[in-house]
$ cat work.cif   # mmCIF, C-alpha atoms
data_entry
#
loop_
_atom_site.label_atom_id
_atom_site.label_comp_id
_atom_site.auth_asym_id
_atom_site.auth_seq_id
_atom_site.Cartn_x
_atom_site.Cartn_y
_atom_site.Cartn_z
CA MET U 1284 -8.35 28.07 61.43
CA VAL U 1285 -7.27 28.04 57.79
CA LYS U 1286 -9.98 28.67 55.21
CA HIS U 1287 -9.71 27.72 51.55
CA ILE U 1288 -11.53 29.07 48.54
CA TYR U 1289 -11.06 27.13 45.32
CA VAL U 1290 -11.59 29.53 42.44
CA ILE U 1291 -12.49 27.67 39.25
CA ARG U 1292 -12.64 28.96 35.71
CA HIS U 1293 -15.35 27.10 33.81
CA CYS U 1294 -14.61 24.24 31.41
CA GLU U 1295 -14.53 24.55 27.61
CA ALA U 1296 -17.73 26.18 26.32
CA ARG U 1297 -19.53 26.71 23.02
CA GLY U 1298 -19.48 30.50 23.28
CA GLN U 1299 -19.52 33.60 25.46
CA SER U 1300 -23.24 34.22 25.95
CA ALA U 1301 -24.84 33.59 29.33
CA ASP U 1302 -26.64 30.52 27.96
CA ALA U 1303 -23.61 29.00 26.17
CA SER U 1304 -23.29 25.33 27.09
CA LEU U 1305 -20.15 23.32 27.64
CA THR U 1306 -18.78 21.46 24.64
CA GLU U 1307 -18.65 17.67 24.68
CA HIS U 1308 -15.01 18.01 25.73
CA GLY U 1309 -16.08 20.53 28.39
CA PHE U 1310 -18.49 18.02 29.93
CA HIS U 1311 -15.63 15.50 30.04
CA GLN U 1312 -13.44 18.15 31.71
CA ALA U 1313 -16.16 18.71 34.33
CA GLU U 1314 -15.98 15.02 35.27
CA ILE U 1315 -12.17 15.24 35.55
CA LEU U 1316 -12.58 18.34 37.71
CA ALA U 1317 -14.94 16.43 40.02
CA ASP U 1318 -12.28 13.68 40.26
CA PHE U 1319 -9.67 16.35 41.10
CA PHE U 1320 -11.67 17.35 44.18
CA THR U 1321 -12.35 13.78 45.37
CA ASP U 1322 -9.87 14.03 48.28
CA LYS U 1323 -10.94 17.54 49.35
CA LYS U 1324 -13.96 18.03 51.58
CA ILE U 1325 -16.00 20.84 50.08
CA ASP U 1326 -18.54 22.61 52.28
CA ARG U 1327 -20.07 25.08 49.84
CA ILE U 1328 -20.32 25.76 46.09
CA ILE U 1329 -21.11 29.23 44.70
CA THR U 1330 -21.26 29.84 40.95
CA SER U 1331 -21.91 32.40 38.29
CA PRO U 1332 -25.44 32.15 36.87
CA PHE U 1333 -23.96 31.49 33.39
CA LEU U 1334 -24.85 27.99 32.14
CA ARG U 1335 -21.23 26.99 31.42
CA ALA U 1336 -20.22 27.74 35.03
CA ILE U 1337 -23.12 25.74 36.46
CA GLN U 1338 -22.45 22.79 34.13
CA THR U 1339 -18.77 22.86 35.14
CA ILE U 1340 -19.55 22.17 38.78
CA GLU U 1341 -22.66 19.95 38.49
CA PRO U 1342 -20.74 16.63 38.55
CA LEU U 1343 -18.97 17.58 41.79
CA SER U 1344 -22.20 18.93 43.27
CA THR U 1345 -24.00 15.67 42.45
CA ARG U 1346 -21.22 13.42 43.76
CA GLY U 1347 -20.83 15.36 47.00
CA ASN U 1348 -24.54 16.14 47.42
CA ILE U 1349 -23.64 19.84 47.75
CA ASN U 1350 -26.17 22.49 46.83
CA ILE U 1351 -25.11 24.95 44.10
CA GLU U 1352 -25.65 28.58 45.10
CA ILE U 1353 -25.97 31.14 42.30
CA ASP U 1354 -24.41 34.58 42.80
CA GLU U 1355 -24.90 37.22 40.09
CA ARG U 1356 -21.70 38.96 41.23
CA LEU U 1357 -19.73 36.04 39.76
CA SER U 1358 -21.01 36.75 36.22
CA GLU U 1359 -18.37 37.51 33.63
CA ARG U 1360 -17.31 41.10 33.36
CA ILE U 1361 -19.06 43.16 30.71
CA LEU U 1362 -16.36 44.95 28.72
CA SER U 1363 -18.95 46.78 26.59
CA THR U 1364 -22.61 46.52 25.67
CA ARG U 1365 -21.77 46.74 21.98
CA ASP U 1366 -19.59 44.60 19.75
CA LEU U 1367 -15.94 45.66 19.86
CA PRO U 1368 -13.93 44.32 16.89
CA ASP U 1369 -10.74 45.31 18.76
CA TRP U 1370 -11.95 43.88 22.09
CA TYR U 1371 -8.60 42.15 22.77
CA GLU U 1372 -6.66 45.43 22.71
CA LYS U 1373 -9.39 47.18 24.68
CA LEU U 1374 -9.35 44.45 27.33
CA GLN U 1375 -5.57 44.73 27.58
CA ALA U 1376 -5.89 48.50 28.09
CA THR U 1377 -8.24 47.93 31.06
CA PHE U 1378 -5.47 46.12 32.89
CA THR U 1379 -3.27 49.21 32.57
CA ASP U 1380 -6.01 51.70 33.43
CA MET U 1381 -8.23 50.00 36.00
CA ASN U 1382 -10.87 52.78 35.68
CA LEU U 1383 -11.17 52.60 31.87
CA LYS U 1384 -14.73 51.83 30.66
CA PHE U 1385 -16.30 51.25 27.26
CA ASP U 1386 -19.96 51.78 26.25
CA SER U 1387 -21.87 50.87 29.41
CA GLY U 1388 -19.34 48.22 30.36
CA GLU U 1389 -17.55 47.75 33.66
CA SER U 1390 -14.12 49.03 34.50
CA SER U 1391 -11.61 46.51 35.83
CA LYS U 1392 -11.90 48.22 39.21
CA GLU U 1393 -15.71 47.81 39.30
CA ALA U 1394 -15.58 44.14 38.27
CA MET U 1395 -12.77 43.47 40.75
CA GLU U 1396 -14.77 44.99 43.61
CA ARG U 1397 -17.76 42.82 42.70
CA ILE U 1398 -15.91 39.49 42.92
CA VAL U 1399 -13.69 40.57 45.84
CA ASN U 1400 -16.85 41.27 47.86
CA VAL U 1401 -17.99 37.68 47.24
CA VAL U 1402 -14.66 36.31 48.45
CA LYS U 1403 -14.49 38.59 51.49
CA GLY U 1404 -17.96 37.39 52.50
CA ILE U 1405 -16.81 33.79 52.22
CA PHE U 1406 -13.70 34.45 54.32
CA GLN U 1407 -15.89 36.11 56.98
CA SER U 1408 -18.22 33.11 57.15
CA ASP U 1409 -17.76 29.98 59.25
CA VAL U 1410 -17.29 27.79 56.16
CA LYS U 1411 -13.84 26.22 55.81
CA ARG U 1412 -13.78 25.09 52.14
CA THR U 1413 -15.73 26.82 49.40
CA ILE U 1414 -15.67 26.47 45.63
CA VAL U 1415 -16.32 29.57 43.52
CA VAL U 1416 -16.96 29.04 39.78
CA SER U 1417 -16.66 31.99 37.46
CA HIS U 1418 -15.01 33.31 34.29
CA GLY U 1419 -11.48 34.09 33.13
CA ASN U 1420 -11.49 37.88 33.05
CA ILE U 1421 -13.15 38.44 36.40
CA ILE U 1422 -11.13 35.65 38.07
CA THR U 1423 -7.94 37.33 36.83
CA LEU U 1424 -9.11 40.57 38.43
CA LEU U 1425 -9.79 38.75 41.70
CA LEU U 1426 -6.31 37.24 41.67
CA LYS U 1427 -4.82 40.65 40.82
CA HIS U 1428 -6.44 42.01 43.99
CA TYR U 1429 -4.37 39.55 46.03
CA ASN U 1430 -1.24 39.65 43.84
CA ASN U 1431 -0.51 42.83 41.88
CA ASP U 1432 1.82 40.89 39.54
CA VAL U 1433 -1.25 39.29 37.95
CA ASP U 1434 -1.84 41.09 34.66
CA PHE U 1435 -3.24 40.78 31.14
CA GLN U 1436 -0.54 38.26 30.17
CA PHE U 1437 -1.58 36.13 33.13
CA TRP U 1438 -5.14 36.09 31.73
CA THR U 1439 -3.84 34.91 28.33
CA HIS U 1440 -2.30 31.84 30.00
CA LEU U 1441 -5.42 30.64 31.83
CA SER U 1442 -6.82 27.27 30.83
CA ASN U 1443 -10.37 25.91 30.70
CA PRO U 1444 -10.83 24.78 33.36
CA ASP U 1445 -8.34 26.34 35.74
CA VAL U 1446 -8.21 26.16 39.54
CA PHE U 1447 -6.64 28.49 42.08
CA GLN U 1448 -6.59 28.12 45.83
CA LEU U 1449 -6.95 31.18 48.02
CA SER U 1450 -6.16 30.43 51.64
CA VAL U 1451 -6.50 32.72 54.62
CA LYS U 1452 -4.87 32.24 57.99
CA ASP U 1453 -4.51 35.00 60.57
CA HIS U 1454 -5.87 37.52 58.03
CA GLU U 1455 -3.07 36.67 55.55
CA VAL U 1456 -4.21 35.50 52.11
CA THR U 1457 -2.06 33.21 49.98
CA LEU U 1458 -2.69 32.36 46.34
CA GLU U 1459 -1.66 29.22 44.46
CA ARG U 1460 -2.54 27.74 41.10
CA ILE U 1461 -3.35 24.07 41.76
CA TRP U 1462 -4.55 22.94 38.30
CA GLU U 1463 -2.05 21.47 35.86
#

$ encode --input "work.cif" --output "structure tokens"
Amino acid sequence: MVKHIYVIRHCEARGQSADASLTEHGFHQAEILADFFTDKKIDRIITSPFLRAIQTIEPLSTRGNINIEIDERLSERILSTRDLPDWYEKLQATFTDMNLKFDSGESSKEAMERIVNVVKGIFQSDVKRTIVVSHGNIITLLLKHYNNDVDFQFWTHLSNPDVFQLSVKDHEVTLERIWE
């Protein structure tokens, strides 16, 4: 049996805080995203607790009458607990040194393990098609786990929203970007 996990980066949002809402354009994108999944039977939806992630998937949840499960492990990675004016350079450095940490933040390795554990649990379940909604940095780390060529530059080319399909058959995982 082939299992699919659709990994979605949230739609356009008004900010980075946990309670940042989608923009007007982001709400429109969420409707387009729901249309995108019209021909795919989805069995389960799991999302980050961040408002923008939940709002991204609500139209599809409503249309398909699928419960939204919240999983804290899908929260965006915390680079640091204090403001970093040079956050972009620091984030880039964490893709080179996966153990690098700043001021009570998470290393890339720690964040990767968190989201990979979610995905491994899904693959071990009986569910065939699951949607996971999360955030750009931690999604990039998940994809890097399955394809070491994924790097900081890959992250810079993500869109809001973005959709990747992870498929597993006979313990082999394949990765494909399916959003254009």

$ residues_near_point --input "work.cif" --point "(-20.6, 29.1, 30.7)" --cutoff "9 Å" --atoms "all atoms listed in the file" --output "list in words"
His1293, Cys1294, Glu1295, Ala1296, Arg1297, Gly1298, Gln1299, Ser1300, Ala1301, Asp1302, Ala1303, Ser1304, Leu1305, Ser1331, Pro1332, Phe1333, Leu1334, Arg1335, Ala1336, Ile1337, Gln1338, Thr1339, Ser1417 and His1418 of chain U

$ resolve_selection --input "work.cif" --expression "the PyMOL selection byres ((chain U and resi 1346-1358) around 8)" --output "PyMOL selection string"
chain U and resi 1317+1325-1333+1337+1341-1345+1359-1360+1397-1398+1401+1416-1418+1421

$ resolve_selection --input "work.cif" --expression "the PyMOL selection byres ((chain U and resi 1434-1440) around 12)" --output "PDB file with C-alpha atoms, keeping the file's coordinate frame"
ATOM      1  CA  ARG U1292     -12.640  28.960  35.710  1.00  0.00           C
ATOM      2  CA  TYR U1371      -8.600  42.150  22.770  1.00  0.00           C
ATOM      3  CA  GLU U1372      -6.660  45.430  22.710  1.00  0.00           C
ATOM      4  CA  LYS U1373      -9.390  47.180  24.680  1.00  0.00           C
ATOM      5  CA  LEU U1374      -9.350  44.450  27.330  1.00  0.00           C
ATOM      6  CA  GLN U1375      -5.570  44.730  27.580  1.00  0.00           C
ATOM      7  CA  ALA U1376      -5.890  48.500  28.090  1.00  0.00           C
ATOM      8  CA  THR U1377      -8.240  47.930  31.060  1.00  0.00           C
ATOM      9  CA  PHE U1378      -5.470  46.120  32.890  1.00  0.00           C
ATOM     10  CA  THR U1379      -3.270  49.210  32.570  1.00  0.00           C
ATOM     11  CA  ASP U1380      -6.010  51.700  33.430  1.00  0.00           C
ATOM     12  CA  MET U1381      -8.230  50.000  36.000  1.00  0.00           C
ATOM     13  CA  SER U1391     -11.610  46.510  35.830  1.00  0.00           C
ATOM     14  CA  HIS U1418     -15.010  33.310  34.290  1.00  0.00           C
ATOM     15  CA  GLY U1419     -11.480  34.090  33.130  1.00  0.00           C
ATOM     16  CA  ASN U1420     -11.490  37.880  33.050  1.00  0.00           C
ATOM     17  CA  ILE U1421     -13.150  38.440  36.400  1.00  0.00           C
ATOM     18  CA  ILE U1422     -11.130  35.650  38.070  1.00  0.00           C
ATOM     19  CA  THR U1423      -7.940  37.330  36.830  1.00  0.00           C
ATOM     20  CA  LEU U1424      -9.110  40.570  38.430  1.00  0.00           C
ATOM     21  CA  LEU U1425      -9.790  38.750  41.700  1.00  0.00           C
ATOM     22  CA  LEU U1426      -6.310  37.240  41.670  1.00  0.00           C
ATOM     23  CA  LYS U1427      -4.820  40.650  40.820  1.00  0.00           C
ATOM     24  CA  HIS U1428      -6.440  42.010  43.990  1.00  0.00           C
ATOM     25  CA  TYR U1429      -4.370  39.550  46.030  1.00  0.00           C
ATOM     26  CA  ASN U1430      -1.240  39.650  43.840  1.00  0.00           C
ATOM     27  CA  ASN U1431      -0.510  42.830  41.880  1.00  0.00           C
ATOM     28  CA  ASP U1432       1.820  40.890  39.540  1.00  0.00           C
ATOM     29  CA  VAL U1433      -1.250  39.290  37.950  1.00  0.00           C
ATOM     30  CA  LEU U1441      -5.420  30.640  31.830  1.00  0.00           C
ATOM     31  CA  SER U1442      -6.820  27.270  30.830  1.00  0.00           C
ATOM     32  CA  ASN U1443     -10.370  25.910  30.700  1.00  0.00           C
ATOM     33  CA  PRO U1444     -10.830  24.780  33.360  1.00  0.00           C
ATOM     34  CA  ASP U1445      -8.340  26.340  35.740  1.00  0.00           C
ATOM     35  CA  ARG U1460      -2.540  27.740  41.100  1.00  0.00           C
ATOM     36  CA  GLU U1463      -2.050  21.470  35.860  1.00  0.00           C
TER      37      GLU U1463
END

$ atom_distance --input "work.cif" --atom1 "CA of Gly1388 in chain U" --atom2 "CA of Trp1370 in chain U"
11.9 Å

$ atom_distance --input "work.cif" --atom1 "CA of Trp1462 in chain U" --atom2 "CA of Lys1323 in chain U"
13.9 Å

$ axis_aligned_box --input "work.cif" --around "range 1354-1362 of chain U" --padding-each-side "5 Å" --output "JSON"
{"center_x": -20.6, "center_y": 39.8, "center_z": 35.8, "size_x": 18.5, "size_y": 20.4, "size_z": 24.1}

$ atom_distance --input "work.cif" --atom1 "CA of Ile1414 in chain U" --atom2 "CA of His1287 in chain U"
8.5 Å

$ closest_residue --input "work.cif" --among "U:Phe1310, U:Val1285, U:Asp1366, U:Asp1386" --to "Lys1452 in chain U" --atoms "only C-alpha atoms"
U:Val1285

$ closest_residue --input "work.cif" --among "U:Val1415, U:Leu1367, U:Asp1318, U:Ile1361" --to "Glu1389 in chain U" --atoms "all atoms listed in the file"
U:Ile1361

$ closest_residue --input "work.cif" --among "U:Val1399, U:Ile1461, U:Leu1449, U:Leu1316" --to "Thr1413 in chain U" --atoms "only C-alpha atoms"
U:Leu1449

$ closest_residue --input "work.cif" --among "U:Ile1340, U:Leu1362, U:Gln1448, U:Ser1408" --to "Glu1314 in chain U" --atoms "all atoms listed in the file"
U:Ile1340

$ decode --input "work.cif" --residues "range 1424-1435 of chain U" --atoms "all heavy atoms" --output "JSON list (two decimals), in the first residue's frame"
[["chain", "number", "residue", "atom", "x", "y", "z"],
["U", 1424, "LEU", "N", 13.50, 21.60, 6.78],
["U", 1424, "LEU", "CA", 14.28, 20.62, 7.52],
["U", 1424, "LEU", "C", 13.71, 19.21, 7.36],
["U", 1424, "LEU", "O", 14.47, 18.24, 7.25],
["U", 1424, "LEU", "CB", 14.37, 21.02, 9.00],
["U", 1424, "LEU", "CG", 15.16, 22.31, 9.26],
["U", 1424, "LEU", "CD1", 14.97, 22.77, 10.69],
["U", 1424, "LEU", "CD2", 16.63, 22.13, 8.91],
["U", 1425, "LEU", "N", 12.40, 19.09, 7.34],
["U", 1425, "LEU", "CA", 11.79, 17.78, 7.08],
["U", 1425, "LEU", "C", 12.20, 17.25, 5.71],
["U", 1425, "LEU", "O", 12.62, 16.09, 5.58],
["U", 1425, "LEU", "CB", 10.26, 17.89, 7.14],
["U", 1425, "LEU", "CG", 9.49, 16.65, 6.67],
["U", 1425, "LEU", "CD1", 9.69, 15.48, 7.62],
["U", 1425, "LEU", "CD2", 8.02, 16.98, 6.49],
["U", 1426, "LEU", "N", 12.10, 18.09, 4.70],
["U", 1426, "LEU", "CA", 12.46, 17.67, 3.35],
["U", 1426, "LEU", "C", 13.94, 17.33, 3.24],
["U", 1426, "LEU", "O", 14.33, 16.39, 2.53],
["U", 1426, "LEU", "CB", 12.06, 18.74, 2.34],
["U", 1426, "LEU", "CG", 10.56, 19.11, 2.34],
["U", 1426, "LEU", "CD1", 10.29, 20.24, 1.35],
["U", 1426, "LEU", "CD2", 9.68, 17.90, 2.07],
["U", 1427, "LYS", "N", 14.77, 18.06, 3.98],
["U", 1427, "LYS", "CA", 16.22, 17.78, 4.00],
["U", 1427, "LYS", "C", 16.48, 16.39, 4.58],
["U", 1427, "LYS", "O", 17.40, 15.69, 4.15],
["U", 1427, "LYS", "CB", 16.95, 18.85, 4.81],
["U", 1427, "LYS", "CG", 18.46, 18.67, 4.87],
["U", 1427, "LYS", "CD", 19.12, 19.85, 5.56],
["U", 1427, "LYS", "CE", 20.63, 19.74, 5.56],
["U", 1427, "LYS", "NZ", 21.22, 19.65, 4.22],
["U", 1428, "HIS", "N", 15.67, 15.98, 5.54],
["U", 1428, "HIS", "CA", 15.82, 14.64, 6.12],
["U", 1428, "HIS", "C", 15.69, 13.57, 5.03],
["U", 1428, "HIS", "O", 16.39, 12.55, 5.06],
["U", 1428, "HIS", "CB", 14.77, 14.42, 7.21],
["U", 1428, "HIS", "CG", 14.78, 13.05, 7.78],
["U", 1428, "HIS", "ND1", 15.70, 12.63, 8.71],
["U", 1428, "HIS", "CD2", 13.97, 11.97, 7.53],
["U", 1428, "HIS", "CE1", 15.46, 11.37, 9.02],
["U", 1428, "HIS", "NE2", 14.43, 10.95, 8.32],
["U", 1429, "TYR", "N", 14.78, 13.79, 4.09],
["U", 1429, "TYR", "CA", 14.55, 12.80, 3.04],
["U", 1429, "TYR", "C", 15.36, 13.06, 1.78],
["U", 1429, "TYR", "O", 15.47, 12.18, 0.92],
["U", 1429, "TYR", "CB", 13.05, 12.76, 2.70],
["U", 1429, "TYR", "CG", 12.24, 12.19, 3.85],
["U", 1429, "TYR", "CD1", 11.48, 13.00, 4.67],
["U", 1429, "TYR", "CD2", 12.29, 10.83, 4.14],
["U", 1429, "TYR", "CE1", 10.76, 12.48, 5.74],
["U", 1429, "TYR", "CE2", 11.59, 10.30, 5.21],
["U", 1429, "TYR", "CZ", 10.83, 11.12, 6.01],
["U", 1429, "TYR", "OH", 10.15, 10.60, 7.07],
["U", 1430, "ASN", "N", 15.93, 14.25, 1.65],
["U", 1430, "ASN", "CA", 16.76, 14.59, 0.48],
["U", 1430, "ASN", "C", 17.83, 15.57, 0.94],
["U", 1430, "ASN", "O", 17.55, 16.75, 1.12],
["U", 1430, "ASN", "CB", 15.90, 15.20, -0.63],
["U", 1430, "ASN", "CG", 16.70, 15.61, -1.84],
["U", 1430, "ASN", "OD1", 17.94, 15.62, -1.82],
["U", 1430, "ASN", "ND2", 16.01, 15.95, -2.90],
["U", 1431, "ASN", "N", 19.05, 15.09, 1.09],
["U", 1431, "ASN", "CA", 20.13, 15.91, 1.64],
["U", 1431, "ASN", "C", 20.50, 17.11, 0.75],
["U", 1431, "ASN", "O", 21.19, 18.02, 1.19],
["U", 1431, "ASN", "CB", 21.37, 15.05, 1.91],
["U", 1431, "ASN", "CG", 22.27, 15.70, 2.94],
["U", 1431, "ASN", "OD1", 21.79, 16.21, 3.95],
["U", 1431, "ASN", "ND2", 23.56, 15.71, 2.67],
["U", 1432, "ASP", "N", 20.02, 17.13, -0.50],
["U", 1432, "ASP", "CA", 20.28, 18.27, -1.38],
["U", 1432, "ASP", "C", 19.46, 19.50, -0.99],
["U", 1432, "ASP", "O", 19.74, 20.61, -1.43],
["U", 1432, "ASP", "CB", 19.98, 17.91, -2.85],
["U", 1432, "ASP", "CG", 20.97, 16.89, -3.39],
["U", 1432, "ASP", "OD1", 22.10, 16.80, -2.86],
["U", 1432, "ASP", "OD2", 20.63, 16.19, -4.36],
["U", 1433, "VAL", "N", 18.42, 19.30, -0.19],
["U", 1433, "VAL", "CA", 17.61, 20.42, 0.28],
["U", 1433, "VAL", "C", 18.48, 21.24, 1.23],
["U", 1433, "VAL", "O", 19.09, 20.71, 2.15],
["U", 1433, "VAL", "CB", 16.33, 19.92, 0.99],
["U", 1433, "VAL", "CG1", 15.59, 21.07, 1.66],
["U", 1433, "VAL", "CG2", 15.43, 19.21, -0.03],
["U", 1434, "ASP", "N", 18.52, 22.56, 0.98],
["U", 1434, "ASP", "CA", 19.41, 23.42, 1.76],
["U", 1434, "ASP", "C", 18.77, 24.79, 1.98],
["U", 1434, "ASP", "O", 17.59, 24.99, 1.70],
["U", 1434, "ASP", "CB", 20.76, 23.56, 1.05],
["U", 1434, "ASP", "CG", 20.64, 24.15, -0.36],
["U", 1434, "ASP", "OD1", 19.54, 24.61, -0.76],
["U", 1434, "ASP", "OD2", 21.67, 24.18, -1.07],
["U", 1435, "PHE", "N", 19.56, 25.73, 2.47],
["U", 1435, "PHE", "CA", 19.08, 27.08, 2.74],
["U", 1435, "PHE", "C", 18.51, 27.73, 1.48],
["U", 1435, "PHE", "O", 17.47, 28.38, 1.53],
["U", 1435, "PHE", "CB", 20.22, 27.93, 3.32],
["U", 1435, "PHE", "CG", 19.81, 29.34, 3.62],
["U", 1435, "PHE", "CD1", 19.07, 29.64, 4.75],
["U", 1435, "PHE", "CD2", 20.16, 30.36, 2.76],
["U", 1435, "PHE", "CE1", 18.68, 30.95, 5.02],
["U", 1435, "PHE", "CE2", 19.78, 31.68, 3.02],
["U", 1435, "PHE", "CZ", 19.04, 31.97, 4.16]]
